[in-house]
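Single-structure report; data block below.
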Amino acid sequence: MILELALLSVIKFPAGSPHDFVKALGPATARQCVVLFSYAPDNNYKEFSADPTQTSHFSWIVNSVAKLRQAPGLDFAFSDGLISRNLISLAPIVERANPRYSIESEFFKVKDGIVSTDDRASTKSMQDIFNHEWKSEVDWHWTMRSYTLSVACKDIPEAEFLKYLAKAAGMRLDKTKAGFAFKLVPSEFRRRANATIAKYAPAEKVGKLNQQDKWRLEMTQFALSIASDLHIQKAFETEDSEAAIFMEGSTKQFLGSKLLKMAQSASSLVRNGGDSRSLTSLKPVNENGAGGLEFRGSPAAIAGFTEAVDWRRPVTMYLRSNFRVRIIGSTLPRDPNYSGPTAPVSVDF
C-alpha cells in the first residue's frame, strides 16, 4: 500500500512549455495554486519524473532538468530566474518576447476577490494580468510588465494568489491602505539580472555582440556588483530613475584600471583591422558653457574620457533603470598645481 501511494505521488512531466509545466503539475499535485513567472513562454523544458512530496529533491530535479527555480518554502511558485531581456537592452541581439503571448487565457478569471482557472491552466501576459478588475487596488512594479504568467489554480483568494505571484517574481508584497504593492527585492533582482546577462550575452551564444555591447554589459555588471541594495532600489524605482554610486578608494582604482584596459583595447582593434570609424567619435559631442565634455557613441570614446578625467577628484557612477551606466568626473586642470573646480567630463555606456 505504501509503495502504491509512493508511485501515485510521482509526477512524470513529458517535456513542454511553461504552460505545459503548470498544466501537468496543477491537477497531478492537487495544489490550490501553481504559478510560473517567465520571460520566455516559448521555452521547452526537458522531461523529468519526481515526487513533489519530497520537497528538496523535487525542487532540485526541477532546477537541474527544467532550469526552473522554486521560491523558498513549500508553495509551487516557480520562475526561470531571469529578468526581461528588454530591460537590459539586449534586443536586437536577441529576439524580443511577444508581450501578448497567451494560451487558453480565457480560463483565468478574477471575480469578487477570487482567482480561478477552473482546474485548467492559463498563460497570459503580465500586462493582461494588470488589466483585470482586482477587488483590491494593486500597485504593480513596472519591471513585471514584460513577462508572462502560467497558472493553474482553483478558487484561491486574491490575496493568496498575489502572494504566490510575488514569490515567483522575486518580489515583496506589501499591504497598503488600498490593497497591495509589489516591491523590488534588490538582492534577488541583482541575481536575476546577472543570470540574464550570463545566459544571453556571451558572443559565442548569440554571435551578434560587438565590442561596444560587450563593454556596456561589462560595465553594467560592474555597477550591479558595487551597488548597495539601496542603490538597486532607487535605480529601478521607476522607468526613469537612476542611482548615484560614489567611487571611492579601491573601487575607484579598479574602475580606472578597467576603463584604461578598454581604451587600450579600442586602439588595438583599429590597429588590427577593426572599424577605424570608431576613432572618429573620439571627440566631445557636446560642449556647454563651462567647457564640460561628454563622450559617447563608441568604444573609442572611453579613451577620450580616460585622458580627460582627473582621478584625484570625485567620480560618480550612475546606474539607470535601463541598465545603462554613466560615469561623471572632473577634467584634469592644465596647471597641475591648480586645486580649484574644473569642468565636468562624462562617458556613457
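All residue names refer to the C-alpha cells as shown: chains lettered A, B, ... in order, residues numbered from 1 in each chain, ligands numbered from 1 in order.
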
Distance query range 150-155 of chain A at most 8 Å, only C-alpha atoms, self and fewer than 6 positions along chain excluded, as an MDAnalysis selection string: chainID A and resid 18:19 22:23 26 31:38 114:124

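Close contacts of range 179-192 of chain A, defined as residues with an atom at most 8 Å away when counting only C-alpha atoms, with chain neighbours fewer than 6 positions off set aside, comprise Gly81, Leu82, Ile83, Ser136, Glu137, Val138, Asp139, Trp140, His141, Ala166, Gly170, Met171, Arg172, Leu173, Leu224, Asp229, Leu230, Ile232 and Gln233 of chain A.
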
Distance query range 58-68 of chain A at most 9 Å, only C-alpha atoms, self and fewer than 6 positions along chain excluded, as a PyMOL selection string: chain A and resi 15+36+44-52+78-81

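Proximity ranking of A:Ile327, A:Ala159, A:Ala178, A:Ile302 relative to Phe246 in chain A places A:Ile327 first, based on only C-alpha atoms.
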
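Rounded to one decimal, CA of Glu218 in chain A and CA of Ala169 in chain A lie 25.0 Å from each other.
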
CA of Thr196 in chain A to CA of Asp240 in chain A, straight-line distance in Å: 21.1 Å

Secondary structure check, strand (DSSP E or B) residues of range 53-243 of chain A, as a ChimeraX atom specification: /A:69-70,76-79,103,109-111,114-116,122-125,137-139,148-153,156-157,171-175,179-184,242-243

How would you write, as a short mmCIF file (atom, residue, chain, number, x, y, z; two decimals) with N, CA and C atoms, in the first residue's frame, the set of residues in range 160-265 of chain A that DSSP gives as alpha helix (DSSP H)?
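Result file part25.cif:
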```
data_model
loop_
_atom_site.label_atom_id
_atom_site.label_comp_id
_atom_site.auth_asym_id
_atom_site.auth_seq_id
_atom_site.Cartn_x
_atom_site.Cartn_y
_atom_site.Cartn_z
N GLU A 160 -4.05 35.59 -1.52
CA GLU A 160 -3.18 34.42 -1.55
C GLU A 160 -2.53 34.28 -2.92
N PHE A 161 -3.31 34.50 -3.98
CA PHE A 161 -2.77 34.41 -5.32
C PHE A 161 -1.65 35.42 -5.53
N LEU A 162 -1.84 36.65 -5.06
CA LEU A 162 -0.82 37.68 -5.21
C LEU A 162 0.45 37.31 -4.45
N LYS A 163 0.32 36.60 -3.35
CA LYS A 163 1.49 36.13 -2.61
C LYS A 163 2.28 35.12 -3.44
N TYR A 164 1.56 34.20 -4.09
CA TYR A 164 2.21 33.24 -4.98
C TYR A 164 2.97 33.98 -6.09
N LEU A 165 2.29 34.94 -6.69
CA LEU A 165 2.88 35.68 -7.80
C LEU A 165 4.12 36.45 -7.34
N ALA A 166 4.06 37.07 -6.17
CA ALA A 166 5.20 37.81 -5.66
C ALA A 166 6.40 36.89 -5.44
N LYS A 167 6.14 35.70 -4.91
CA LYS A 167 7.23 34.75 -4.68
C LYS A 167 7.87 34.33 -6.00
N ALA A 168 7.05 34.04 -7.00
CA ALA A 168 7.58 33.62 -8.29
C ALA A 168 8.34 34.74 -8.97
N ALA A 169 7.88 35.97 -8.79
CA ALA A 169 8.51 37.12 -9.44
C ALA A 169 9.72 37.63 -8.67
N PRO A 186 16.03 43.84 -3.84
CA PRO A 186 17.27 44.16 -4.54
C PRO A 186 18.21 42.98 -4.77
N SER A 187 18.43 42.16 -3.75
CA SER A 187 19.37 41.04 -3.90
C SER A 187 18.89 40.05 -4.95
N GLU A 188 17.59 39.78 -4.99
CA GLU A 188 17.04 38.84 -5.97
C GLU A 188 17.04 39.45 -7.36
N PHE A 189 16.73 40.74 -7.46
CA PHE A 189 16.74 41.41 -8.76
C PHE A 189 18.16 41.44 -9.33
N ARG A 190 19.14 41.71 -8.48
CA ARG A 190 20.54 41.69 -8.92
C ARG A 190 20.93 40.31 -9.42
N ARG A 191 20.54 39.28 -8.67
CA ARG A 191 20.89 37.92 -9.06
C ARG A 191 20.26 37.56 -10.41
N ARG A 192 19.00 37.92 -10.61
CA ARG A 192 18.33 37.61 -11.87
C ARG A 192 18.91 38.40 -13.03
N ALA A 193 19.29 39.64 -12.78
CA ALA A 193 19.90 40.45 -13.84
C ALA A 193 21.21 39.85 -14.29
N ASN A 194 22.05 39.45 -13.36
CA ASN A 194 23.34 38.84 -13.71
C ASN A 194 23.14 37.50 -14.42
N ALA A 195 22.13 36.74 -13.99
CA ALA A 195 21.85 35.46 -14.65
C ALA A 195 21.39 35.67 -16.08
N THR A 196 20.62 36.74 -16.33
CA THR A 196 20.14 37.04 -17.68
C THR A 196 21.29 37.42 -18.59
N ILE A 197 22.19 38.27 -18.10
CA ILE A 197 23.35 38.66 -18.90
C ILE A 197 24.23 37.45 -19.19
N ALA A 198 24.45 36.60 -18.19
CA ALA A 198 25.28 35.42 -18.37
C ALA A 198 24.67 34.44 -19.38
N LYS A 199 23.33 34.38 -19.40
CA LYS A 199 22.66 33.43 -20.29
C LYS A 199 22.61 33.91 -21.74
N TYR A 200 22.34 35.19 -21.94
CA TYR A 200 22.07 35.67 -23.30
C TYR A 200 23.17 36.53 -23.93
N ALA A 203 29.05 36.17 -26.63
CA ALA A 203 29.09 36.24 -28.10
C ALA A 203 29.01 34.86 -28.74
N GLU A 204 29.57 33.85 -28.05
CA GLU A 204 29.55 32.51 -28.65
C GLU A 204 28.14 31.94 -28.71
N LYS A 205 27.22 32.55 -27.93
CA LYS A 205 25.84 32.06 -27.94
C LYS A 205 24.98 32.81 -28.96
N VAL A 206 25.15 34.11 -29.05
CA VAL A 206 24.28 34.88 -29.93
C VAL A 206 24.97 35.39 -31.17
N GLN A 211 31.98 44.95 -29.86
CA GLN A 211 32.79 45.30 -28.70
C GLN A 211 32.10 46.32 -27.81
N GLN A 212 31.36 47.21 -28.41
CA GLN A 212 30.65 48.22 -27.62
C GLN A 212 29.61 47.58 -26.71
N ASP A 213 28.88 46.59 -27.24
CA ASP A 213 27.89 45.89 -26.43
C ASP A 213 28.56 45.14 -25.28
N LYS A 214 29.69 44.49 -25.58
CA LYS A 214 30.40 43.73 -24.55
C LYS A 214 30.80 44.63 -23.40
N TRP A 215 31.38 45.79 -23.73
CA TRP A 215 31.84 46.69 -22.68
C TRP A 215 30.66 47.31 -21.93
N ARG A 216 29.58 47.56 -22.63
CA ARG A 216 28.39 48.10 -21.97
C ARG A 216 27.88 47.12 -20.91
N LEU A 217 27.79 45.85 -21.30
CA LEU A 217 27.29 44.85 -20.36
C LEU A 217 28.30 44.61 -19.23
N GLU A 218 29.59 44.67 -19.56
CA GLU A 218 30.62 44.52 -18.53
C GLU A 218 30.50 45.64 -17.50
N MET A 219 30.25 46.85 -17.97
CA MET A 219 30.13 47.97 -17.05
C MET A 219 28.82 47.87 -16.25
N THR A 220 27.78 47.33 -16.87
CA THR A 220 26.52 47.11 -16.14
C THR A 220 26.73 46.12 -15.01
N GLN A 221 27.43 45.02 -15.29
CA GLN A 221 27.70 44.03 -14.26
C GLN A 221 28.56 44.61 -13.14
N PHE A 222 29.52 45.45 -13.52
CA PHE A 222 30.36 46.09 -12.50
C PHE A 222 29.50 46.98 -11.60
N ALA A 223 28.61 47.75 -12.21
CA ALA A 223 27.73 48.62 -11.43
C ALA A 223 26.85 47.81 -10.49
N LEU A 224 26.30 46.70 -10.99
CA LEU A 224 25.45 45.85 -10.15
C LEU A 224 26.23 45.25 -8.99
N SER A 225 27.52 44.95 -9.23
CA SER A 225 28.33 44.31 -8.19
C SER A 225 28.68 45.26 -7.05
N ILE A 226 28.82 46.56 -7.35
CA ILE A 226 29.20 47.51 -6.31
C ILE A 226 27.99 48.25 -5.73
N ASP A 229 21.97 47.55 -1.83
CA ASP A 229 20.54 47.27 -2.00
C ASP A 229 19.77 48.58 -2.18
N LEU A 230 20.18 49.61 -1.46
CA LEU A 230 19.52 50.90 -1.58
C LEU A 230 19.71 51.49 -2.98
N HIS A 231 20.90 51.32 -3.54
CA HIS A 231 21.16 51.79 -4.91
C HIS A 231 20.25 51.07 -5.91
N ILE A 232 20.14 49.74 -5.76
CA ILE A 232 19.29 48.96 -6.67
C ILE A 232 17.84 49.40 -6.55
N GLN A 233 17.39 49.58 -5.32
CA GLN A 233 16.01 50.01 -5.08
C GLN A 233 15.73 51.35 -5.76
N LYS A 234 16.68 52.27 -5.63
CA LYS A 234 16.49 53.61 -6.19
C LYS A 234 16.62 53.61 -7.71
N ALA A 235 17.57 52.84 -8.25
CA ALA A 235 17.81 52.83 -9.70
C ALA A 235 16.61 52.28 -10.47
N GLY A 249 38.22 55.01 -2.96
CA GLY A 249 39.27 54.05 -2.64
C GLY A 249 39.57 53.04 -3.72
N SER A 250 39.61 51.78 -3.31
CA SER A 250 39.98 50.70 -4.24
C SER A 250 38.95 50.53 -5.36
N THR A 251 37.68 50.86 -5.08
CA THR A 251 36.65 50.75 -6.12
C THR A 251 36.93 51.73 -7.25
N LYS A 252 37.33 52.95 -6.91
CA LYS A 252 37.67 53.94 -7.93
C LYS A 252 38.91 53.49 -8.71
N GLN A 253 39.89 52.95 -8.02
CA GLN A 253 41.11 52.48 -8.68
C GLN A 253 40.79 51.34 -9.65
N PHE A 254 39.93 50.44 -9.21
CA PHE A 254 39.57 49.31 -10.08
C PHE A 254 38.82 49.79 -11.31
N LEU A 255 37.93 50.77 -11.14
CA LEU A 255 37.21 51.34 -12.27
C LEU A 255 38.18 52.00 -13.24
N GLY A 256 39.15 52.76 -12.72
CA GLY A 256 40.14 53.40 -13.58
C GLY A 256 40.93 52.39 -14.38
N SER A 257 41.33 51.29 -13.74
CA SER A 257 42.08 50.24 -14.44
C SER A 257 41.23 49.58 -15.53
N LYS A 258 39.95 49.36 -15.22
CA LYS A 258 39.04 48.73 -16.18
C LYS A 258 38.86 49.62 -17.42
N LEU A 259 38.66 50.91 -17.20
CA LEU A 259 38.48 51.84 -18.31
C LEU A 259 39.76 51.97 -19.14
N LEU A 260 40.91 51.96 -18.48
CA LEU A 260 42.18 52.06 -19.20
C LEU A 260 42.39 50.85 -20.11
N LYS A 261 42.05 49.65 -19.63
CA LYS A 261 42.17 48.45 -20.45
C LYS A 261 41.23 48.51 -21.65
N MET A 262 40.00 49.03 -21.42
CA MET A 262 39.06 49.18 -22.53
C MET A 262 39.60 50.15 -23.56
N ALA A 263 40.18 51.26 -23.11
CA ALA A 263 40.73 52.26 -24.02
C ALA A 263 41.87 51.68 -24.84
N GLN A 264 42.73 50.90 -24.19
CA GLN A 264 43.85 50.28 -24.90
C GLN A 264 43.35 49.25 -25.91
N SER A 265 42.29 48.52 -25.56
CA SER A 265 41.72 47.55 -26.49
C SER A 265 41.10 48.22 -27.70
#
```

Top pick for closest residue to Glu237 in chain A, considering A:Phe107, A:Phe130, A:Tyr147, A:Trp142 and counting only C-alpha atoms: A:Trp142

Using only C-alpha atoms, determine which residues lie at most 6 Å from Ser321 in chain A, disregarding the query and same-chain residues fewer than 5 positions distant; provide the list as a PDB file with all heavy atoms, in the first residue's frame.
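Final output, saved to out-v5.pdb:
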```pdb
ATOM      1  N   ALA A 235      17.565  52.844  -8.255  1.00  0.00           N
ATOM      2  CA  ALA A 235      17.806  52.826  -9.703  1.00  0.00           C
ATOM      3  C   ALA A 235      16.613  52.282 -10.469  1.00  0.00           C
ATOM      4  O   ALA A 235      16.339  52.715 -11.594  1.00  0.00           O
ATOM      5  CB  ALA A 235      19.054  52.009 -10.025  1.00  0.00           C
ATOM      6  N   PHE A 236      15.887  51.337  -9.877  1.00  0.00           N
ATOM      7  CA  PHE A 236      14.791  50.685 -10.595  1.00  0.00           C
ATOM      8  C   PHE A 236      13.425  50.991  -9.971  1.00  0.00           C
ATOM      9  O   PHE A 236      12.472  50.241 -10.151  1.00  0.00           O
ATOM     10  CB  PHE A 236      15.041  49.176 -10.651  1.00  0.00           C
ATOM     11  CG  PHE A 236      16.319  48.823 -11.361  1.00  0.00           C
ATOM     12  CD1 PHE A 236      17.477  48.573 -10.640  1.00  0.00           C
ATOM     13  CD2 PHE A 236      16.373  48.804 -12.740  1.00  0.00           C
ATOM     14  CE1 PHE A 236      18.664  48.279 -11.292  1.00  0.00           C
ATOM     15  CE2 PHE A 236      17.547  48.512 -13.402  1.00  0.00           C
ATOM     16  CZ  PHE A 236      18.696  48.254 -12.680  1.00  0.00           C
ATOM     17  N   GLU A 239      10.532  53.826 -14.247  1.00  0.00           N
ATOM     18  CA  GLU A 239      11.135  53.605 -15.565  1.00  0.00           C
ATOM     19  C   GLU A 239      12.172  54.664 -15.923  1.00  0.00           C
ATOM     20  O   GLU A 239      12.932  54.479 -16.872  1.00  0.00           O
ATOM     21  CB  GLU A 239      10.036  53.586 -16.631  1.00  0.00           C
ATOM     22  CG  GLU A 239       9.090  52.405 -16.507  1.00  0.00           C
ATOM     23  CD  GLU A 239       8.071  52.355 -17.624  1.00  0.00           C
ATOM     24  OE1 GLU A 239       8.470  52.109 -18.787  1.00  0.00           O
ATOM     25  OE2 GLU A 239       6.892  52.578 -17.338  1.00  0.00           O
ATOM     26  N   SER A 241      14.221  56.285 -13.402  1.00  0.00           N
ATOM     27  CA  SER A 241      15.036  56.579 -12.235  1.00  0.00           C
ATOM     28  C   SER A 241      16.493  56.174 -12.435  1.00  0.00           C
ATOM     29  O   SER A 241      16.839  55.443 -13.377  1.00  0.00           O
ATOM     30  CB  SER A 241      14.466  55.890 -10.997  1.00  0.00           C
ATOM     31  OG  SER A 241      14.347  54.498 -11.214  1.00  0.00           O
ATOM     32  N   GLU A 242      17.350  56.640 -11.551  1.00  0.00           N
ATOM     33  CA  GLU A 242      18.764  56.295 -11.561  1.00  0.00           C
ATOM     34  C   GLU A 242      19.302  56.437 -10.148  1.00  0.00           C
ATOM     35  O   GLU A 242      18.700  57.094  -9.298  1.00  0.00           O
ATOM     36  CB  GLU A 242      19.549  57.186 -12.525  1.00  0.00           C
ATOM     37  CG  GLU A 242      19.563  58.655 -12.160  1.00  0.00           C
ATOM     38  CD  GLU A 242      20.343  59.513 -13.147  1.00  0.00           C
ATOM     39  OE1 GLU A 242      20.634  59.030 -14.261  1.00  0.00           O
ATOM     40  OE2 GLU A 242      20.669  60.660 -12.793  1.00  0.00           O
TER      41      GLU A 242
END
```
